[in-house]
file input.cif (mmCIF, C-alpha atoms and all ligand atoms)
data_start
loop_
_atom_site.label_atom_id
_atom_site.label_comp_id
_atom_site.auth_asym_id
_atom_site.auth_seq_id
_atom_site.Cartn_x
_atom_site.Cartn_y
_atom_site.Cartn_z
CA MET R 1 0.00 0.00 0.00
CA SER R 2 1.10 3.55 -0.56
CA GLY R 3 1.02 6.22 2.06
CA MET R 4 3.14 8.78 3.81
CA PHE R 5 4.88 9.42 7.06
CA VAL R 6 6.40 12.52 8.63
CA HIS R 7 10.03 12.75 9.71
CA THR R 8 10.98 15.40 12.24
CA ALA R 9 13.99 16.07 14.47
CA ASP R 10 15.62 18.77 16.58
CA VAL R 11 12.32 20.30 17.65
CA HIS R 12 13.95 21.44 20.93
CA LEU R 13 10.65 22.06 22.75
CA GLY R 14 11.37 24.28 25.73
CA PHE R 15 14.31 26.12 24.20
CA GLN R 16 12.38 29.35 24.00
CA LYS R 17 12.01 31.11 27.34
CA LYS R 18 10.33 34.36 26.25
CA GLU R 19 6.57 34.06 26.00
CA GLY R 20 6.27 35.29 22.40
CA LEU R 21 8.89 32.84 21.16
CA ALA R 22 7.64 29.98 23.35
CA GLN R 23 4.19 30.47 21.84
CA LEU R 24 5.61 30.26 18.30
CA GLU R 25 7.52 27.14 19.30
CA ARG R 26 4.24 25.53 20.43
CA GLU R 27 2.28 26.74 17.41
CA ILE R 28 4.77 25.31 14.93
CA PHE R 29 4.78 21.93 16.67
CA ASP R 30 0.96 21.87 16.97
CA ASN R 31 0.69 22.79 13.33
CA MET R 32 2.70 19.70 12.40
CA VAL R 33 0.55 17.55 14.68
CA TYR R 34 -2.74 18.87 13.22
CA TRP R 35 -1.38 18.36 9.72
CA CYS R 36 -0.51 14.73 10.49
CA VAL R 37 -3.95 14.11 11.99
CA ASP R 38 -5.70 15.85 9.10
CA GLN R 39 -3.73 13.95 6.45
CA LYS R 40 -3.96 10.65 8.39
CA VAL R 41 -0.23 9.94 7.98
CA ASP R 42 0.94 6.40 8.72
CA PHE R 43 3.31 7.42 11.53
CA VAL R 44 5.73 10.11 12.72
CA LEU R 45 9.49 9.68 13.13
CA MET R 46 11.28 11.85 15.70
CA ALA R 47 15.03 11.56 15.31
CA GLY R 48 16.19 13.13 18.55
CA ASP R 49 16.21 16.43 20.45
CA LEU R 50 12.46 16.56 20.77
CA PHE R 51 13.04 18.45 24.03
CA HIS R 52 15.74 21.01 24.66
CA THR R 53 16.41 19.67 28.16
CA ASN R 54 15.66 16.38 29.84
CA ILE R 55 13.17 17.97 32.26
CA PRO R 56 11.63 21.09 30.72
CA ASN R 57 9.24 23.26 32.74
CA MET R 58 5.61 22.24 33.37
CA GLU R 59 4.16 24.45 30.62
CA VAL R 60 6.34 22.72 28.05
CA GLN R 61 5.48 19.29 29.42
CA LYS R 62 1.74 20.00 29.42
CA HIS R 63 1.87 21.22 25.86
CA ALA R 64 3.89 18.20 24.70
CA PHE R 65 1.50 15.73 26.36
CA SER R 66 -1.56 17.36 24.80
CA ALA R 67 0.06 17.34 21.36
CA PHE R 68 1.08 13.68 21.69
CA ALA R 69 -2.44 12.84 22.91
CA GLU R 70 -3.82 14.24 19.62
CA LEU R 71 -1.57 11.90 17.63
CA HIS R 72 -2.36 9.00 19.94
CA ASP R 73 -6.14 9.54 19.69
CA ALA R 74 -5.85 9.68 15.90
CA GLY R 75 -4.09 6.31 15.97
CA ILE R 76 -0.83 7.73 14.61
CA PRO R 77 2.21 6.05 16.18
CA VAL R 78 5.34 8.06 16.96
CA TYR R 79 8.71 6.32 16.65
CA ALA R 80 11.71 8.01 18.23
CA VAL R 81 15.37 7.85 19.05
CA TYR R 82 16.72 10.19 21.70
CA GLY R 83 19.08 13.08 21.14
CA SER R 84 21.69 14.30 23.56
CA HIS R 85 19.29 17.03 24.76
CA ASP R 86 16.34 14.73 25.48
CA ALA R 87 17.69 12.34 28.02
CA SER R 88 19.89 12.36 31.07
CA PRO R 89 21.19 9.06 32.42
CA VAL R 90 21.44 10.63 35.88
CA HIS R 91 18.27 12.65 36.27
CA GLY R 92 15.71 10.85 34.09
CA SER R 93 13.69 12.61 31.44
CA VAL R 94 10.22 13.63 30.35
CA ILE R 95 10.59 11.78 27.05
CA ASP R 96 10.67 8.57 29.11
CA LEU R 97 7.25 9.49 30.54
CA LEU R 98 5.87 9.87 27.02
CA ALA R 99 7.31 6.45 26.19
CA GLU R 100 5.94 4.88 29.40
CA GLY R 101 2.51 6.34 28.69
CA GLY R 102 2.49 4.80 25.22
CA PHE R 103 2.60 8.17 23.43
CA LEU R 104 5.84 7.37 21.68
CA LYS R 105 7.95 4.33 21.05
CA ASN R 106 11.70 4.49 21.59
CA VAL R 107 12.94 2.24 18.78
CA HIS R 108 16.40 1.82 20.32
CA ALA R 109 16.28 -1.85 21.35
CA PRO R 110 19.82 -3.08 22.02
CA GLU R 111 20.73 -6.63 22.90
CA LYS R 112 24.24 -7.58 23.95
CA LEU R 113 25.65 -10.59 22.08
CA ASP R 114 28.08 -13.11 23.58
CA ASP R 115 30.91 -11.74 21.42
CA GLY R 116 30.40 -8.29 22.99
CA ARG R 117 28.72 -6.77 19.94
CA ILE R 118 25.29 -5.16 20.08
CA ARG R 119 22.28 -6.29 18.08
CA LEU R 120 19.60 -3.68 17.45
CA GLY R 121 16.05 -4.99 17.44
CA PHE R 122 13.36 -3.80 15.03
CA THR R 123 10.04 -2.16 15.84
CA ILE R 124 7.42 -3.14 13.27
CA ASP R 125 4.79 -0.55 12.37
CA PRO R 126 1.54 -2.54 12.41
CA LYS R 127 -0.20 -0.62 9.62
CA THR R 128 2.57 -0.56 7.00
CA ASN R 129 4.75 -3.46 8.19
CA ILE R 130 7.73 -1.14 7.86
CA LYS R 131 10.52 -2.18 10.25
CA ILE R 132 12.31 0.52 12.20
CA ALA R 133 15.66 0.29 13.99
CA GLY R 134 17.85 3.02 15.39
CA LEU R 135 20.15 4.33 18.03
CA PRO R 136 20.34 7.50 20.14
CA GLY R 137 22.71 10.43 19.79
CA LEU R 138 25.79 10.24 21.98
CA LYS R 139 28.80 12.46 22.46
CA ALA R 140 31.17 12.43 19.45
CA GLY R 141 33.67 9.68 20.23
CA ARG R 142 31.18 7.48 22.06
CA GLU R 143 28.76 7.45 19.16
CA GLU R 144 31.34 6.25 16.66
CA ALA R 145 32.47 3.56 19.12
CA TYR R 146 28.84 2.45 19.52
CA PHE R 147 28.33 2.21 15.76
CA LYS R 148 31.46 0.05 15.53
CA MET R 149 30.01 -2.37 18.10
CA LEU R 150 26.83 -2.98 16.10
CA ASP R 151 26.01 -6.32 14.59
CA LYS R 152 25.51 -4.80 11.14
CA GLU R 153 24.94 -8.15 9.43
CA SER R 154 21.64 -8.77 11.22
CA LEU R 155 20.43 -5.24 10.39
CA GLU R 156 21.39 -5.68 6.73
CA ALA R 157 19.99 -9.22 6.47
CA ALA R 158 16.52 -8.29 7.77
CA ALA R 159 13.93 -8.26 5.00
CA GLY R 160 12.50 -4.82 4.18
CA PRO R 161 10.90 -2.44 3.98
CA LYS R 162 12.96 -0.88 6.75
CA ILE R 163 13.98 2.48 8.20
CA PHE R 164 17.11 3.36 10.18
CA MET R 165 17.02 6.24 12.69
CA PHE R 166 20.00 8.06 14.18
CA HIS R 167 21.06 11.34 15.75
CA GLY R 168 24.52 12.28 14.49
CA GLY R 169 26.53 13.66 11.59
CA PHE R 170 28.28 11.78 8.78
CA THR R 171 31.37 13.33 7.24
CA GLU R 172 30.45 12.67 3.61
CA ILE R 173 27.07 14.36 4.04
CA THR R 174 27.29 16.87 6.85
CA GLU R 175 30.83 18.19 6.38
CA GLY R 176 30.90 21.93 6.92
CA HIS R 177 27.81 21.84 9.14
CA LYS R 178 27.98 22.42 12.84
CA GLY R 179 28.45 19.23 14.85
CA ASP R 180 30.70 16.19 14.98
CA SER R 181 30.75 13.60 12.26
CA MET R 182 31.88 10.06 11.48
CA PRO R 183 32.32 8.02 8.27
CA ILE R 184 29.03 7.12 6.58
CA SER R 185 30.23 3.57 5.98
CA LEU R 186 29.31 2.97 9.66
CA LEU R 187 25.63 2.95 8.64
CA PRO R 188 24.12 -0.45 7.82
CA ARG R 189 23.32 -0.81 4.11
CA GLY R 190 20.10 -1.79 2.41
CA PHE R 191 17.56 0.32 4.30
CA ASP R 192 14.80 2.17 2.45
CA TYR R 193 15.12 5.40 4.41
CA TYR R 194 17.66 6.87 6.81
CA ALA R 195 16.01 9.28 9.26
CA GLY R 196 18.59 11.60 10.78
CA GLY R 197 18.67 14.26 13.41
CA HIS R 198 21.30 16.49 15.04
CA ILE R 199 22.25 18.66 12.06
CA HIS R 200 20.29 21.90 12.24
CA GLU R 201 19.76 22.26 8.50
CA THR R 202 17.65 20.43 5.96
CA ILE R 203 19.88 17.93 4.17
CA LYS R 204 18.68 15.41 1.60
CA SER R 205 21.36 13.00 0.48
CA LYS R 206 21.71 9.33 -0.49
CA TYR R 207 23.30 6.20 0.91
CA GLY R 208 23.22 3.60 -1.84
CA ASP R 209 19.84 4.28 -3.45
CA ALA R 210 18.09 5.31 -0.27
CA PRO R 211 17.47 8.84 1.01
CA VAL R 212 19.45 10.03 4.03
CA VAL R 213 17.55 13.00 5.40
CA TYR R 214 18.00 15.60 8.14
CA PRO R 215 14.90 17.80 8.53
CA GLY R 216 16.55 20.49 10.67
CA PRO R 217 14.66 22.30 13.46
CA PRO R 218 11.13 23.40 12.63
CA PHE R 219 11.75 26.58 14.63
CA ALA R 220 14.93 26.92 16.67
CA GLY R 221 17.16 25.02 19.04
CA TYR R 222 19.95 27.57 19.16
CA HIS R 223 19.98 31.33 18.83
CA ALA R 224 21.73 30.91 15.45
CA ASP R 225 18.64 29.06 14.17
CA LEU R 226 16.57 32.22 14.58
CA GLU R 227 19.16 34.08 12.50
CA LEU R 228 18.94 31.42 9.78
CA ASN R 229 15.13 31.68 9.86
CA ALA R 230 15.42 35.46 9.57
CA GLY R 231 17.62 34.91 6.51
CA GLY R 232 14.79 32.95 4.89
CA MET R 233 15.90 29.37 5.55
CA GLN R 234 13.01 26.85 5.60
CA ARG R 235 13.56 23.73 7.68
CA GLY R 236 11.84 21.04 9.70
CA HIS R 237 9.16 18.32 9.29
CA MET R 238 9.67 16.27 6.10
CA ILE R 239 6.82 14.45 4.39
CA VAL R 240 7.95 11.10 3.04
CA ARG R 241 5.69 9.36 0.51
CA HIS R 242 6.13 5.66 0.03
CA ASP R 243 4.79 2.73 -1.95
CA HIS R 244 4.94 -0.45 0.11
CA GLY R 245 7.79 1.10 2.09
CA LYS R 246 9.77 2.16 -1.01
CA VAL R 247 10.28 5.91 -0.76
CA THR R 248 8.86 7.79 -3.73
CA ASP R 249 9.17 11.41 -2.59
CA VAL R 250 10.63 13.52 0.23
CA ALA R 251 9.39 17.10 0.65
CA GLY R 252 9.17 19.77 3.32
CA ILE R 253 5.83 20.26 5.09
CA ALA R 254 3.96 23.08 3.43
CA SER R 255 1.71 24.53 6.12
CA ARG R 256 3.44 26.34 8.90
CA PRO R 257 2.67 29.54 10.79
CA LYS R 258 4.30 32.50 9.12
CA VAL R 259 6.81 34.26 11.32
CA GLU R 260 8.25 37.65 10.38
CA TYR R 261 11.72 38.61 11.46
CA LEU R 262 13.51 41.91 11.78
CA THR R 263 17.28 42.07 12.14
CA ILE R 264 19.05 45.07 13.67
CA LYS R 265 22.82 44.97 13.59
CA VAL R 266 25.42 47.40 14.91
CA ASP R 267 29.08 46.94 14.10
CA ALA R 268 30.87 48.10 17.25
CA GLU R 269 34.40 47.49 15.97
CA GLY R 270 36.71 50.35 16.89
CA LYS R 271 33.84 52.61 18.03
CA THR R 272 33.27 54.13 21.46
CA ALA R 273 30.51 52.69 23.62
CA LYS R 274 28.73 56.06 23.42
CA ALA R 275 28.80 56.04 19.60
CA VAL R 276 27.52 52.45 19.51
CA ASP R 277 24.74 53.32 21.93
CA GLU R 278 23.66 56.25 19.70
CA GLU R 279 23.78 54.19 16.52
CA LEU R 280 21.69 51.48 18.15
CA MET R 281 19.20 54.08 19.33
CA TYR R 282 18.77 55.48 15.78
CA LYS R 283 18.38 52.04 14.23
CA VAL R 284 15.84 50.98 16.84
CA ALA R 285 13.90 54.25 16.51
CA GLY R 286 13.62 53.74 12.74
CA ALA R 287 12.46 50.14 13.00
CA VAL R 288 8.90 48.80 12.59
CA PRO R 289 8.94 45.84 14.98
CA SER R 290 5.23 45.09 15.44
CA ASP R 291 4.30 41.39 15.21
CA LYS R 292 7.89 40.50 14.41
CA VAL R 293 10.66 38.55 16.10
CA VAL R 294 13.46 41.09 16.45
CA LEU R 295 17.09 40.00 16.52
CA VAL R 296 19.46 42.67 17.81
CA THR R 297 23.17 42.02 17.40
CA VAL R 298 25.91 44.34 18.59
CA ALA R 299 29.38 43.01 17.93
CA GLY R 300 32.96 44.23 17.87
CA GLU R 301 35.74 45.48 20.06
CA LEU R 302 35.06 48.91 21.54
CA SER R 303 37.77 51.59 21.36
CA GLU R 304 36.55 53.16 24.60
CA GLY R 305 33.95 52.58 27.28
CA LYS R 306 32.30 49.33 28.27
CA ALA R 307 29.41 47.11 27.29
CA ALA R 308 27.35 48.40 30.22
CA ASP R 309 27.36 51.87 28.62
CA ILE R 310 25.22 50.51 25.78
CA ASN R 311 21.55 50.52 26.72
CA LEU R 312 20.52 47.20 25.17
CA ILE R 313 17.76 46.51 27.67
CA GLY R 314 16.22 49.95 27.22
CA ARG R 315 16.16 49.51 23.44
CA ALA R 316 14.59 46.07 23.80
CA ASP R 317 11.86 47.57 26.02
CA TRP R 318 11.15 50.16 23.34
CA LEU R 319 10.83 47.41 20.70
CA TYR R 320 8.41 45.50 22.96
CA ASP R 321 6.38 48.67 23.49
CA LYS R 322 6.08 48.97 19.69
CA GLY R 323 4.61 45.48 19.49
CA ALA R 324 7.55 43.13 18.90
CA ILE R 325 6.65 39.47 19.56
CA ALA R 326 10.06 38.93 21.10
CA VAL R 327 13.44 40.65 21.17
CA GLU R 328 16.60 38.59 21.20
CA LEU R 329 19.71 40.50 22.22
CA LYS R 330 23.14 39.28 21.29
CA HIS R 331 26.47 40.93 21.85
CA HIS R 332 29.92 39.67 21.07
CA ARG R 333 33.35 40.83 22.08
CA LEU R 334 32.05 44.08 23.50
CA ALA R 335 35.10 44.55 25.71
CA SER R 336 37.14 47.66 25.08
CA LYS R 337 40.59 47.22 23.61
CA LYS R 338 42.57 47.72 26.79
CA PHE R 339 41.18 44.50 28.28
CA ALA R 340 41.44 42.46 25.09
CA VAL R 341 43.21 39.15 25.33
CA GLY R 342 45.33 38.15 22.39
CA LYS R 343 48.27 40.54 22.42
CA VAL R 344 50.30 37.91 24.21
CA GLN R 345 52.32 35.76 21.85
CA PRO R 346 51.26 32.13 22.13
CA LYS R 347 54.48 30.62 23.33
CA GLY R 348 55.59 28.53 26.31
CA THR R 349 53.44 26.23 28.38
CA ARG R 350 49.81 26.94 29.13
CA LYS R 351 50.77 28.18 32.60
CA GLU R 352 53.34 30.58 31.17
CA MET R 353 50.83 31.97 28.69
CA GLU R 354 48.23 32.45 31.42
CA ARG R 355 50.79 34.30 33.55
CA ALA R 356 51.67 36.53 30.60
CA VAL R 357 48.01 37.42 30.01
CA PHE R 358 47.45 38.13 33.72
CA ALA R 359 50.61 40.22 33.94
CA GLN R 360 49.54 42.26 30.94
CA HIS R 361 46.08 42.96 32.36
CA MET R 362 47.53 43.74 35.75
CA LYS R 363 49.27 46.77 34.25
CA GLU R 364 45.84 48.17 33.34
CA TYR R 365 44.49 47.70 36.86
CA LYS R 366 44.09 50.98 38.69
CA GLY R 367 41.85 49.72 41.50
CA PRO R 368 42.38 49.98 45.26
CA ARG R 369 43.47 46.38 45.99
CA PRO R 370 47.21 45.89 46.23
CA GLU R 371 46.75 42.17 46.96
CA LEU R 372 45.74 41.71 43.32
CA MET R 373 49.13 43.01 42.14
CA GLY R 374 52.57 41.50 41.75
CA GLU R 375 53.53 37.88 42.37
CA ALA R 376 50.74 37.35 44.93
CA GLY R 377 48.17 38.64 42.46
CA LEU R 378 49.44 36.35 39.71
CA LYS R 379 49.25 33.33 41.99
CA PHE R 380 45.76 34.19 43.14
CA ALA R 381 44.52 34.72 39.57
CA ALA R 382 45.88 31.29 38.62
CA THR R 383 44.07 29.67 41.58
CA VAL R 384 40.74 31.24 40.64
CA LEU R 385 41.23 30.23 37.00
CA ARG R 386 41.84 26.59 38.04
CA VAL R 387 38.53 26.54 39.91
CA LEU R 388 36.60 28.26 37.12
CA SER R 389 38.00 26.17 34.29
CA GLN R 390 36.13 23.04 35.37
CA GLU R 391 33.57 22.26 32.72
CA LYS R 392 29.93 21.42 33.21
CA ARG R 393 29.51 17.66 33.51
CA GLU R 394 27.13 15.67 31.36
CA GLY R 395 23.69 15.68 32.93
CA GLU R 396 24.68 18.31 35.51
CA THR R 397 22.11 21.05 36.01
CA LYS R 398 23.05 24.72 35.90
CA ASP R 399 22.30 24.96 39.64
CA ASP R 400 24.55 22.02 40.50
CA TYR R 401 27.30 23.41 38.31
CA GLU R 402 27.08 26.78 40.03
CA LYS R 403 27.22 25.10 43.43
CA ARG R 404 30.27 23.08 42.45
CA VAL R 405 32.26 25.68 40.52
CA ILE R 406 31.00 29.28 40.52
CA ASN R 407 30.14 29.52 44.22
CA PRO R 408 33.54 28.21 45.43
CA ALA R 409 35.30 30.64 43.08
CA THR R 410 33.23 33.54 44.41
CA LYS R 411 33.91 32.44 47.99
CA LEU R 412 37.63 32.23 47.25
CA MET R 413 37.64 35.80 45.98
CA MET R 414 35.67 37.12 48.96
CA GLU R 415 37.94 35.36 51.46
CA HIS R 416 40.95 36.71 49.66
CA ALA R 417 39.59 40.26 49.91
CA ASP R 418 38.75 39.77 53.61
CA GLU R 419 42.25 38.54 54.42
CA ALA R 420 43.81 41.47 52.60
CA GLU R 421 41.61 43.86 54.55
CA LYS R 422 42.64 42.27 57.86
CA ALA R 423 46.30 42.43 56.89
CA ALA R 424 46.03 46.12 55.93
MN MN R 501 19.53 19.43 18.02
#
call {"tool": "encode", "arguments": {"input": "input.cif", "output": "structure tokens"}}
result
Amino acid sequence: MSGMFVHTADVHLGFQKKEGLAQLEREIFDNMVYWCVDQKVDFVLMAGDLFHTNIPNMEVQKHAFSAFAELHDAGIPVYAVYGSHDASPVHGSVIDLLAEGGFLKNVHAPEKLDDGRIRLGFTIDPKTNIKIAGLPGLKAGREEAYFKMLDKESLEAAAGPKIFMFHGGFTEITEGHKGDSMPISLLPRGFDYYAGGHIHETIKSKYGDAPVVYPGPPFAGYHADLELNAGGMQRGHMIVRHDHGKVTDVAGIASRPKVEYLTIKVDAEGKTAKAVDEELMYKVAGAVPSDKVVLVTVAGELSEGKAADINLIGRADWLYDKGAIAVELKHHRLASKKFAVGKVQPKGTRKEMERAVFAQHMKEYKGPRPELMGEAGLKFAATVLRVLSQEKREGETKDDYEKRVINPATKLMMEHADEAEKAA
């Protein structure tokens, strides 16, 4: 029988925190759901990063459950693999609740063989008899290692029609896109469709005769996605038509809410903070932001003054007052030249380079704290840097990370100041 299914990935529900953007995020997802129900698609594939975090806030969860209930009530199965954003091995995840409740089926079904390899089981879609296998997205090196452990023969030997789902990049296809990649030869051959996720752009390629497809995010999972949308890029939700499981056509979903964008950019390079602030004010005053998502970018190294002298928040308020749906502020490298890192020649060990950068900045310091100067100051700076350079662990929440790293660093600095005061 012929029919169609929808392939989506990188939806990142819960990424948007501002109400206007969060509402668009919901609308775009709901739109896909209604379309699937209306068109009575065979099933929906979700190739990872359905949620932006493993436990998004209650609003996001409530919305997701009601959307999945629509699909469920319409008898449309959802087959998924998890992305690195969806699941946390330590803290559990909401996507597991959807799976437990029967709203989606995680198709990752590994079985360890006696020789140490891993056999992936198939999920069979009852309506079409299409078999689906897949594996979740993992961190770069671990994912390639996992692929190498697969019992590929059993995947390749299984009679079709069959679909393979994954959440990762392949060098031959996704080179030049953001994200890690591995050789495509790791994929098992002979599938009818390869449903990818992880790459935030629409990519339609081939492996043998079969389509390898990345839909890209329907809205946004990173700030850069909003910029790509503003530039006119269309991504997300692919409609795959098939005849007895043989793919006959792959196309982007047509109906989606129209979102208008407005981009305001100020090049701050070599300008004073005051001049940048004025330029931003003029550009904002001349803008027509109503019913638009406004992206404000101020970037460059200031010749004088500091980032705080540029009234970004005030300008954003003005844009909201004039009816903007949401205002996203972004600023890069807004430090003034005298505090710029990079004048130190990269030579010597890491420690020597750090010392050189600290020593250089110390010359600019005109504050009242002598304990931050000289050899003692250099040593103290190195200690604080050691504490602060610990990276966030996988699955660690922002709160836990702050407790483990930021708070001790702050405490260290306060104690240091106290001691100096006592000594003085
Ligand atoms: Mn993603």
call {"tool": "closest_atom_pairs", "arguments": {"input": "input.cif", "of": "chain R", "to": "ligand MN 501 (chain R)", "cutoff": "9 Å", "atoms": "only C-alpha atoms and all ligand atoms", "output": "JSON lines"}}
result
{"residue": "R:Ala9", "atom": "CA", "partner": "R:MN501", "partner_atom": "MN", "distance": 7.4}
{"residue": "R:Asp10", "atom": "CA", "partner": "R:MN501", "partner_atom": "MN", "distance": 4.2}
{"residue": "R:Val11", "atom": "CA", "partner": "R:MN501", "partner_atom": "MN", "distance": 7.3}
{"residue": "R:His12", "atom": "CA", "partner": "R:MN501", "partner_atom": "MN", "distance": 6.6}
{"residue": "R:Gly48", "atom": "CA", "partner": "R:MN501", "partner_atom": "MN", "distance": 7.2}
{"residue": "R:Asp49", "atom": "CA", "partner": "R:MN501", "partner_atom": "MN", "distance": 5.1}
{"residue": "R:Leu50", "atom": "CA", "partner": "R:MN501", "partner_atom": "MN", "distance": 8.1}
{"residue": "R:Phe51", "atom": "CA", "partner": "R:MN501", "partner_atom": "MN", "distance": 8.9}
{"residue": "R:His52", "atom": "CA", "partner": "R:MN501", "partner_atom": "MN", "distance": 7.8}
{"residue": "R:Gly83", "atom": "CA", "partner": "R:MN501", "partner_atom": "MN", "distance": 7.1}
{"residue": "R:Ser84", "atom": "CA", "partner": "R:MN501", "partner_atom": "MN", "distance": 7.9}
{"residue": "R:His85", "atom": "CA", "partner": "R:MN501", "partner_atom": "MN", "distance": 7.2}
{"residue": "R:His167", "atom": "CA", "partner": "R:MN501", "partner_atom": "MN", "distance": 8.5}
{"residue": "R:Gly197", "atom": "CA", "partner": "R:MN501", "partner_atom": "MN", "distance": 7.0}
{"residue": "R:His198", "atom": "CA", "partner": "R:MN501", "partner_atom": "MN", "distance": 4.5}
{"residue": "R:Ile199", "atom": "CA", "partner": "R:MN501", "partner_atom": "MN", "distance": 6.6}
{"residue": "R:His200", "atom": "CA", "partner": "R:MN501", "partner_atom": "MN", "distance": 6.3}
{"residue": "R:Gly216", "atom": "CA", "partner": "R:MN501", "partner_atom": "MN", "distance": 8.0}
{"residue": "R:Pro217", "atom": "CA", "partner": "R:MN501", "partner_atom": "MN", "distance": 7.3}
{"residue": "R:Ala220", "atom": "CA", "partner": "R:MN501", "partner_atom": "MN", "distance": 8.9}
{"residue": "R:Gly221", "atom": "CA", "partner": "R:MN501", "partner_atom": "MN", "distance": 6.2}
{"residue": "R:Tyr222", "atom": "CA", "partner": "R:MN501", "partner_atom": "MN", "distance": 8.2}
call {"tool": "closest_residue", "arguments": {"input": "input.cif", "among": "R:Glu354, R:Asp243, R:Asp86, R:Asp309", "to": "R:Thr272", "atoms": "all atoms listed in the file"}}
result
R:Asp309
call {"tool": "residues_around", "arguments": {"input": "input.cif", "residues": "R:Ala133", "least_positions_apart": "5", "cutoff": "10 Å", "atoms": "all atoms listed in the file", "output": "list in words"}}
result
Tyr79, Ala80, Val81, Asn106, Val107, His108, Ala109, Pro110, Leu120, Gly121, Phe122, Thr123, Ile124, Leu155, Lys162, Ile163, Phe164, Met165, Phe166, Phe191 and Tyr194 of chain R
call {"tool": "residues_around", "arguments": {"input": "input.cif", "residues": "R:Glu144", "least_positions_apart": "4", "cutoff": "12 Å", "atoms": "only C-alpha atoms", "output": "MDAnalysis selection string"}}
result
chainID R and resid 135:140 148:150 166:171 180:187
call {"tool": "write_last_selection", "arguments": {"input": "input.cif", "atoms": "C-alpha atoms", "output": "CSV table (one decimal), in the frame of the given file"}}
result
chain,number,residue,atom,x,y,z
R,135,LEU,CA,20.2,4.3,18.0
R,136,PRO,CA,20.3,7.5,20.1
R,137,GLY,CA,22.7,10.4,19.8
R,138,LEU,CA,25.8,10.2,22.0
R,139,LYS,CA,28.8,12.5,22.5
R,140,ALA,CA,31.2,12.4,19.4
R,148,LYS,CA,31.5,0.0,15.5
R,149,MET,CA,30.0,-2.4,18.1
R,150,LEU,CA,26.8,-3.0,16.1
R,166,PHE,CA,20.0,8.1,14.2
R,167,HIS,CA,21.1,11.3,15.8
R,168,GLY,CA,24.5,12.3,14.5
R,169,GLY,CA,26.5,13.7,11.6
R,170,PHE,CA,28.3,11.8,8.8
R,171,THR,CA,31.4,13.3,7.2
R,180,ASP,CA,30.7,16.2,15.0
R,181,SER,CA,30.8,13.6,12.3
R,182,MET,CA,31.9,10.1,11.5
R,183,PRO,CA,32.3,8.0,8.3
R,184,ILE,CA,29.0,7.1,6.6
R,185,SER,CA,30.2,3.6,6.0
R,186,LEU,CA,29.3,3.0,9.7
R,187,LEU,CA,25.6,3.0,8.6
call {"tool": "residues_near_point", "arguments": {"input": "input.cif", "point": "(46.3, 39.2, 50.1)", "cutoff": "12 Å", "atoms": "only C-alpha atoms", "output": "PyMOL selection string"}}
result
chain R and resi 369-381+412-424
call {"tool": "atom_distance", "arguments": {"input": "input.cif", "atom1": "atom CA of R:Ala87", "atom2": "atom CA of R:Pro56"}}
result
11.0 Å
call {"tool": "atom_distance", "arguments": {"input": "input.cif", "atom1": "atom CA of R:Tyr214", "atom2": "atom CA of R:Ala74"}}
result
25.8 Å
call {"tool": "residues_around", "arguments": {"input": "input.cif", "residues": "R:Trp318", "least_positions_apart": "5", "cutoff": "9 Å", "atoms": "all atoms listed in the file", "output": "list in words"}}
result
Val284, Ala285, Ile313 and Gly323 of chain R
call {"tool": "closest_atom_pairs", "arguments": {"input": "input.cif", "of": "stretch 133-243 of chain R", "to": "stretch 293-305 of chain R", "cutoff": "12 Å", "atoms": "all atoms listed in the file", "output": "Markdown table"}}
result
| residue | atom | partner | partner_atom | distance |
| --- | --- | --- | --- | --- |
| R:His223 | CA | R:Leu295 | CA | 9.4 |
| R:Ala224 | CA | R:Leu295 | CA | 10.3 |
| R:Asp225 | CA | R:Leu295 | CA | 11.3 |
| R:Leu226 | CA | R:Leu295 | CA | 8.0 |
| R:Glu227 | CA | R:Leu295 | CA | 7.4 |
| R:Leu228 | CA | R:Leu295 | CA | 11.1 |
| R:Asn229 | CA | R:Val293 | CA | 10.3 |
| R:Ala230 | CA | R:Leu295 | CA | 8.5 |
| R:Gly231 | CA | R:Leu295 | CA | 11.2 |
call {"tool": "atom_distance", "arguments": {"input": "input.cif", "atom1": "atom CA of R:Phe29", "atom2": "atom CA of R:Met46"}}
result
12.0 Å
call {"tool": "closest_residue", "arguments": {"input": "input.cif", "among": "R:Glu100, R:Tyr82, R:Pro188, R:Trp35", "to": "R:Arg119", "atoms": "only C-alpha atoms"}}
result
R:Pro188
call {"tool": "closest_residue", "arguments": {"input": "input.cif", "among": "R:Ala324, R:Leu45, R:Met281, R:Ile132", "to": "R:Leu312", "atoms": "all atoms listed in the file"}}
result
R:Met281
call {"tool": "closest_residue", "arguments": {"input": "input.cif", "among": "R:Thr53, R:Thr397, R:Gln360, R:Thr383", "to": "R:Leu13", "atoms": "all atoms listed in the file"}}
result
R:Thr53
call {"tool": "axis_aligned_box", "arguments": {"input": "input.cif", "around": "stretch 73-83 of chain R", "padding_each_side": "5 Å", "output": "AutoDock Vina command-line options"}}
result
--center_x 6.5 --center_y 9.6 --center_z 18.2 --size_x 35.2 --size_y 17.0 --size_z 17.1
call {"tool": "closest_residue", "arguments": {"input": "input.cif", "among": "R:Asp249, R:Asp96, R:Asp38, R:Glu396", "to": "R:Gln61", "atoms": "only C-alpha atoms"}}
result
R:Asp96
call {"tool": "closest_residue", "arguments": {"input": "input.cif", "among": "R:Tyr365, R:Thr8, R:Gln16, R:Ser66", "to": "R:Val78", "atoms": "all atoms listed in the file"}}
result
R:Thr8
call {"tool": "residues_around", "arguments": {"input": "input.cif", "residues": "R:Val247", "least_positions_apart": "4", "cutoff": "10 Å", "atoms": "only C-alpha atoms", "output": "VMD selection string"}}
result
chain R and resid 2 to 4 161 192 to 193 210 to 211 240 to 243
